[in-house]
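Asks: Coordinates in model_15.txt, compact mmCIF, C-alpha atoms, are listed below.
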```txt
# COMPACT_ATOMS: atom_id res chain seq x y z
CA MET A 1 139.11 48.62 61.11
CA ALA A 2 141.41 45.77 61.96
CA ASN A 3 140.90 44.01 65.27
CA PHE A 4 142.91 45.25 68.22
CA PRO A 5 145.74 42.91 69.17
CA VAL A 6 145.48 40.69 72.20
CA ILE A 7 147.08 42.53 75.08
CA PRO A 8 150.51 41.23 76.04
CA ALA A 9 151.43 40.42 79.61
CA LEU A 10 151.69 43.86 81.13
CA ASN A 11 154.40 43.12 83.63
CA ASP A 12 156.25 46.40 83.44
CA TYR A 13 156.07 50.00 82.24
CA GLU A 14 157.80 49.38 78.91
CA SER A 15 155.41 46.62 77.80
CA THR A 16 152.46 48.72 78.92
CA LYS A 17 153.72 51.76 77.05
CA ALA A 18 154.26 49.65 73.93
CA TYR A 19 150.67 48.41 74.09
CA LEU A 20 149.24 51.88 74.62
CA CYS A 21 151.37 53.34 71.84
CA GLY A 22 150.14 50.54 69.60
CA ILE A 23 146.65 51.91 70.13
CA LYS A 24 147.87 55.49 69.65
CA ILE A 25 149.22 54.91 66.14
CA ARG A 26 145.69 54.16 64.99
CA GLY A 27 145.22 57.92 65.01
CA VAL A 28 142.79 60.49 66.41
CA ARG A 29 139.23 59.23 66.85
CA LEU A 30 137.09 62.22 67.79
CA GLY A 31 133.75 61.61 69.49
CA ILE A 32 132.62 61.08 73.08
CA ASP A 33 130.35 58.05 72.74
CA ARG A 34 133.22 55.61 73.38
CA MET A 35 134.35 57.65 76.37
CA ARG A 36 130.83 57.61 77.78
CA LEU A 37 130.77 53.83 77.50
CA LEU A 38 134.15 53.51 79.21
CA ALA A 39 133.17 55.94 81.98
CA ALA A 40 129.97 53.98 82.59
CA ALA A 41 131.98 50.74 82.82
CA LEU A 42 134.22 52.42 85.39
CA GLY A 43 131.27 53.64 87.46
CA HIS A 44 131.51 57.27 86.32
CA PRO A 45 134.47 58.36 88.46
CA GLU A 46 134.36 61.81 86.82
CA ARG A 47 131.15 62.56 88.73
CA ARG A 48 132.74 62.17 92.14
CA TYR A 49 134.48 65.55 92.33
CA PRO A 50 134.01 69.06 90.90
CA CYS A 51 136.17 70.15 87.98
CA ILE A 52 137.17 73.11 85.86
CA HIS A 53 137.39 72.30 82.15
CA VAL A 54 139.93 74.26 80.08
CA ALA A 55 139.99 74.52 76.29
CA GLY A 56 141.70 76.87 73.83
CA THR A 57 144.19 77.06 71.02
CA ASN A 58 147.04 78.32 73.21
CA GLY A 59 147.42 78.71 76.96
CA LYS A 60 145.10 75.96 78.14
CA GLY A 61 147.84 73.88 79.76
CA SER A 62 149.31 76.94 81.47
CA VAL A 63 145.91 78.05 82.78
CA ALA A 64 145.16 74.56 84.09
CA ALA A 65 148.56 74.47 85.84
CA MET A 66 148.09 77.93 87.37
CA LEU A 67 144.61 77.05 88.62
CA GLU A 68 145.99 73.85 90.15
CA SER A 69 148.66 75.86 91.96
CA ILE A 70 146.08 78.32 93.30
CA PHE A 71 143.77 75.61 94.63
CA ARG A 72 146.63 73.61 96.13
CA ALA A 73 148.00 76.71 97.85
CA ALA A 74 144.54 77.24 99.31
CA GLY A 75 144.63 73.76 100.84
CA TRP A 76 142.61 71.84 98.25
CA ARG A 77 143.64 68.34 97.14
CA THR A 78 144.01 68.72 93.39
CA GLY A 79 143.92 66.52 90.32
CA LEU A 80 145.58 67.87 87.16
CA TYR A 81 145.05 66.23 83.78
CA THR A 82 147.05 67.61 80.85
CA SER A 83 148.57 66.40 77.60
CA PRO A 84 150.89 65.54 76.03
CA HIS A 85 153.58 64.23 78.37
CA LEU A 86 157.24 65.08 77.92
CA VAL A 87 159.00 61.96 79.26
CA ARG A 88 156.69 59.62 81.21
CA LEU A 89 153.02 58.85 80.68
CA GLY A 90 152.28 59.56 84.33
CA GLU A 91 152.99 63.27 83.83
CA ARG A 92 149.52 63.55 82.35
CA MET A 93 147.75 62.66 85.61
CA GLN A 94 148.94 64.39 88.77
CA VAL A 95 147.50 64.56 92.28
CA ASP A 96 148.82 67.45 94.36
CA ARG A 97 151.41 67.80 91.59
CA VAL A 98 152.69 64.25 92.04
CA ALA A 99 152.68 62.36 88.74
CA MET A 100 151.16 58.91 88.45
CA THR A 101 153.92 56.35 88.93
CA ASP A 102 154.98 53.79 86.33
CA ASP A 103 153.56 51.00 88.50
CA GLU A 104 150.23 52.82 88.70
CA ILE A 105 150.21 53.22 84.90
CA VAL A 106 150.67 49.46 84.54
CA ALA A 107 147.92 48.69 87.06
CA TYR A 108 145.41 51.06 85.46
CA ALA A 109 146.23 49.78 81.97
CA ARG A 110 145.53 46.21 83.11
CA GLU A 111 142.26 47.26 84.72
CA LEU A 112 141.03 49.39 81.82
CA GLN A 113 142.04 46.84 79.21
CA GLY A 114 139.55 44.38 80.67
CA HIS A 115 136.77 46.91 80.16
CA ALA A 116 138.11 47.74 76.68
CA ASP A 117 137.97 44.06 75.71
CA THR A 118 134.37 43.82 76.88
CA LEU A 119 133.36 46.92 74.92
CA ALA A 120 135.21 45.79 71.80
CA ALA A 121 133.59 42.34 71.96
CA HIS A 122 130.26 44.06 71.35
CA ASP A 123 131.59 46.43 68.68
CA ILE A 124 135.26 46.83 67.73
CA GLU A 125 134.61 50.54 67.12
CA ASP A 126 133.87 50.92 70.84
CA HIS A 127 137.43 50.01 71.81
CA PRO A 128 138.87 53.07 73.61
CA SER A 129 141.55 55.12 71.90
CA PHE A 130 144.90 55.91 73.51
CA PHE A 131 143.61 59.26 74.78
CA GLU A 132 140.45 57.66 76.12
CA PHE A 133 142.59 55.13 78.01
CA MET A 134 144.55 58.00 79.55
CA THR A 135 141.41 59.98 80.34
CA GLY A 136 139.70 57.01 81.98
CA ALA A 137 142.80 56.27 84.06
CA ALA A 138 143.04 59.92 85.15
CA PHE A 139 139.39 60.15 86.20
CA LEU A 140 139.61 56.86 88.09
CA HIS A 141 142.89 57.86 89.74
CA PHE A 142 141.45 61.18 90.90
CA ALA A 143 138.39 59.49 92.40
CA ARG A 144 140.49 56.96 94.29
CA LYS A 145 142.79 59.67 95.61
CA ASN A 146 139.77 61.58 96.95
CA ILE A 147 140.66 64.87 95.31
CA ASP A 148 138.73 68.05 96.07
CA ILE A 149 138.82 69.41 92.52
CA ALA A 150 140.09 68.41 89.07
CA LEU A 151 141.66 70.77 86.57
CA VAL A 152 141.06 69.11 83.20
CA GLU A 153 142.71 70.27 79.99
CA VAL A 154 141.00 69.45 76.70
CA GLY A 155 143.10 67.29 74.41
CA LEU A 156 141.86 68.50 71.01
CA GLY A 157 139.02 70.86 70.17
CA GLY A 158 136.32 70.49 72.77
CA ARG A 159 132.95 69.33 71.50
CA PHE A 160 134.14 65.83 70.57
CA ASP A 161 137.08 65.56 72.98
CA ALA A 162 137.07 62.59 75.35
CA THR A 163 137.26 64.92 78.37
CA ASN A 164 133.92 66.48 77.42
CA ILE A 165 131.95 63.95 79.45
CA VAL A 166 132.56 66.12 82.53
CA GLU A 167 130.01 68.57 83.93
CA PRO A 168 132.35 71.36 85.04
CA GLU A 169 131.70 74.02 87.64
CA ILE A 170 133.33 76.44 85.19
CA ALA A 171 134.39 76.14 81.56
CA VAL A 172 137.41 78.15 80.39
CA ILE A 173 138.33 78.99 76.79
CA THR A 174 141.72 80.67 76.77
CA SER A 175 142.21 81.67 73.14
CA ILE A 176 141.14 80.89 69.59
CA GLY A 177 143.42 80.55 66.58
CA LEU A 178 143.64 78.47 63.43
CA ASP A 179 144.72 75.08 64.75
CA HIS A 180 143.98 71.52 63.59
CA CYS A 181 141.94 73.02 60.75
CA GLU A 182 141.58 69.61 59.08
CA LEU A 183 139.58 68.45 62.11
CA LEU A 184 138.10 71.60 63.62
CA GLY A 185 137.31 73.79 60.61
CA ASP A 186 139.00 76.40 58.48
CA THR A 187 137.63 79.60 60.05
CA LEU A 188 137.92 81.15 63.49
CA ALA A 189 134.15 80.89 63.94
CA LYS A 190 134.13 77.15 63.16
CA ILE A 191 137.02 76.50 65.53
CA ALA A 192 135.38 78.63 68.23
CA PHE A 193 132.21 76.55 67.85
CA GLU A 194 134.17 73.35 68.47
CA LYS A 195 135.93 74.79 71.54
CA ALA A 196 132.59 76.15 72.81
CA GLY A 197 131.37 72.56 72.89
CA ILE A 198 132.63 72.37 76.48
CA ILE A 199 130.08 74.98 77.60
CA LYS A 200 127.34 73.28 79.60
CA PRO A 201 123.81 74.61 80.19
CA GLY A 202 123.72 77.05 83.08
CA ARG A 203 127.42 76.64 83.94
CA PRO A 204 129.67 79.74 83.85
CA VAL A 205 132.26 80.19 81.11
CA VAL A 206 135.34 82.44 81.23
CA VAL A 207 137.07 83.44 78.01
CA GLY A 208 140.42 85.06 77.30
CA ARG A 209 141.35 87.57 74.62
CA MET A 210 140.49 86.41 71.12
CA PRO A 211 139.43 87.72 67.68
CA ALA A 212 135.95 89.25 67.52
CA GLU A 213 134.72 86.57 65.11
CA ALA A 214 135.64 83.83 67.56
CA PHE A 215 134.26 85.64 70.59
CA ALA A 216 130.93 86.26 68.85
CA GLU A 217 130.51 82.52 68.24
CA ILE A 218 131.34 81.60 71.85
CA GLU A 219 129.00 84.31 73.11
CA ARG A 220 126.24 82.92 70.89
CA VAL A 221 126.70 79.37 72.18
CA ALA A 222 126.82 80.55 75.80
CA ALA A 223 123.60 82.53 75.38
CA GLU A 224 121.92 79.57 73.69
CA ARG A 225 122.82 77.35 76.66
CA GLY A 226 122.02 79.89 79.35
CA ALA A 227 125.65 79.90 80.49
CA PRO A 228 126.84 83.11 82.21
CA LEU A 229 129.86 84.44 80.32
CA TRP A 230 132.78 86.46 81.63
CA SER A 231 135.30 87.96 79.23
CA VAL A 232 138.74 88.76 80.63
CA GLU A 233 139.08 91.58 78.11
CA ARG A 234 135.71 93.10 79.03
CA GLU A 235 136.41 92.82 82.76
CA PHE A 236 139.99 94.11 82.76
CA GLY A 237 140.49 95.83 79.43
CA PRO A 238 142.73 94.97 76.48
```
Can you present the structure in this file as structure tokens?

Replies:
Amino acid sequence: MANFPVIPALNDYESTKAYLCGIKIRGVRLGIDRMRLLAAALGHPERRYPCIHVAGTNGKGSVAAMLESIFRAAGWRTGLYTSPHLVRLGERMQVDRVAMTDDEIVAYARELQGHADTLAAHDIEDHPSFFEFMTGAAFLHFARKNIDIALVEVGLGGRFDATNIVEPEIAVITSIGLDHCELLGDTLAKIAFEKAGIIKPGRPVVVGRMPAEAFAEIERVAAERGAPLWSVEREFGP
């Protein structure tokens, strides 16, 4: 891999976006080891509040948004992390449904780039990806805003997604279909296994309607990890 370019002077949103997009074009880099290193450098902000982790082929962004609305209506201070954004990068990280501002994006990029440089100086492969930059900024932002709960949407898959460093109160898998087969596998069972990677030992998991082949794999993983499983279809019918 070629060395990452020296960061330009990040004086405004446009130069910051250009730098981050320069990292993004290097492509998807699945794996959570780099994210663990970045989180450690940041003091593990993701451990300072409870979260609900949401994966799935379709519906994960909608479920995360609906959960955020429910908690906020109940008086909780919420953090919502979703992807991709439509117009501005800050849409990905919201506190009480207020997106991170352009100035905050610039400030977090400056701060995280220093840590990225340090990690890359040891091993260039440890330089955070674009999504890891965004995830680190979101977790740090949520901690500094003293949120009560984070609703975190998986970016891609689950097992090797950067968000999978969290220890959620509840894992949610909304649906399973054939998506990103070149990365996640070419069968429903293989894809379900990757999504089930967000299930943590002893932590509850809720699953939506899905093909029997996919559900059987998630049920197997949950049982293996001692994670109580609730199926929407079993609870409420088809």

Asks: Enclose range 211-229 of chain A, meaning all of its atoms listed in the file, in a box aligned along x, y and z, pad it by 6 Å on each side, and list the centre and edge lengths in Å to one decimal, as AutoDock Vina command-line options.

Replies:
```
--center_x 130.7 --center_y 83.3 --center_z 73.7 --size_x 29.5 --size_y 23.9 --size_z 29.1
```

Asks: Can you list, as a list in words, every protein, DNA or RNA residue that comes within 8 Å of range 41-49 of chain A when you count all atoms listed in the file, leaving out same-chain residues fewer than 3 positions away?

Replies: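 These residues fall inside the cut-off: Leu37, Leu38, His115, Gly136, Phe139, Leu140, Phe142, Ala143, Ile147, Asp148, Ile149, Ala150, Val166 and Glu167 of chain A.
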
Asks: Measuring atom to atom with all atoms listed in the file, identify which of A:Leu184, A:Gly202, A:Leu67, A:Ile173 is nearest to Phe215 in chain A.

Replies: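 Answer, going by the shortest atom-to-atom distance: A:Ile173.
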
Asks: Restricting the calculation to all atoms listed in the file, which member of A:Ile176, A:Ala171, A:Ile52, A:Ala223 is positioned closest to Ile199 in chain A?

Replies: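 Looking at the shortest contact to Ile199 in chain A, the residue is A:Ala171.
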
Asks: Tell me which of A:Ala121, A:Val152, A:Met134, A:Leu80 sits closest to Glu104 in chain A, counting only C-alpha atoms.

Replies: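 Using only C-alpha atoms, Glu104 in chain A sits closest to A:Met134.
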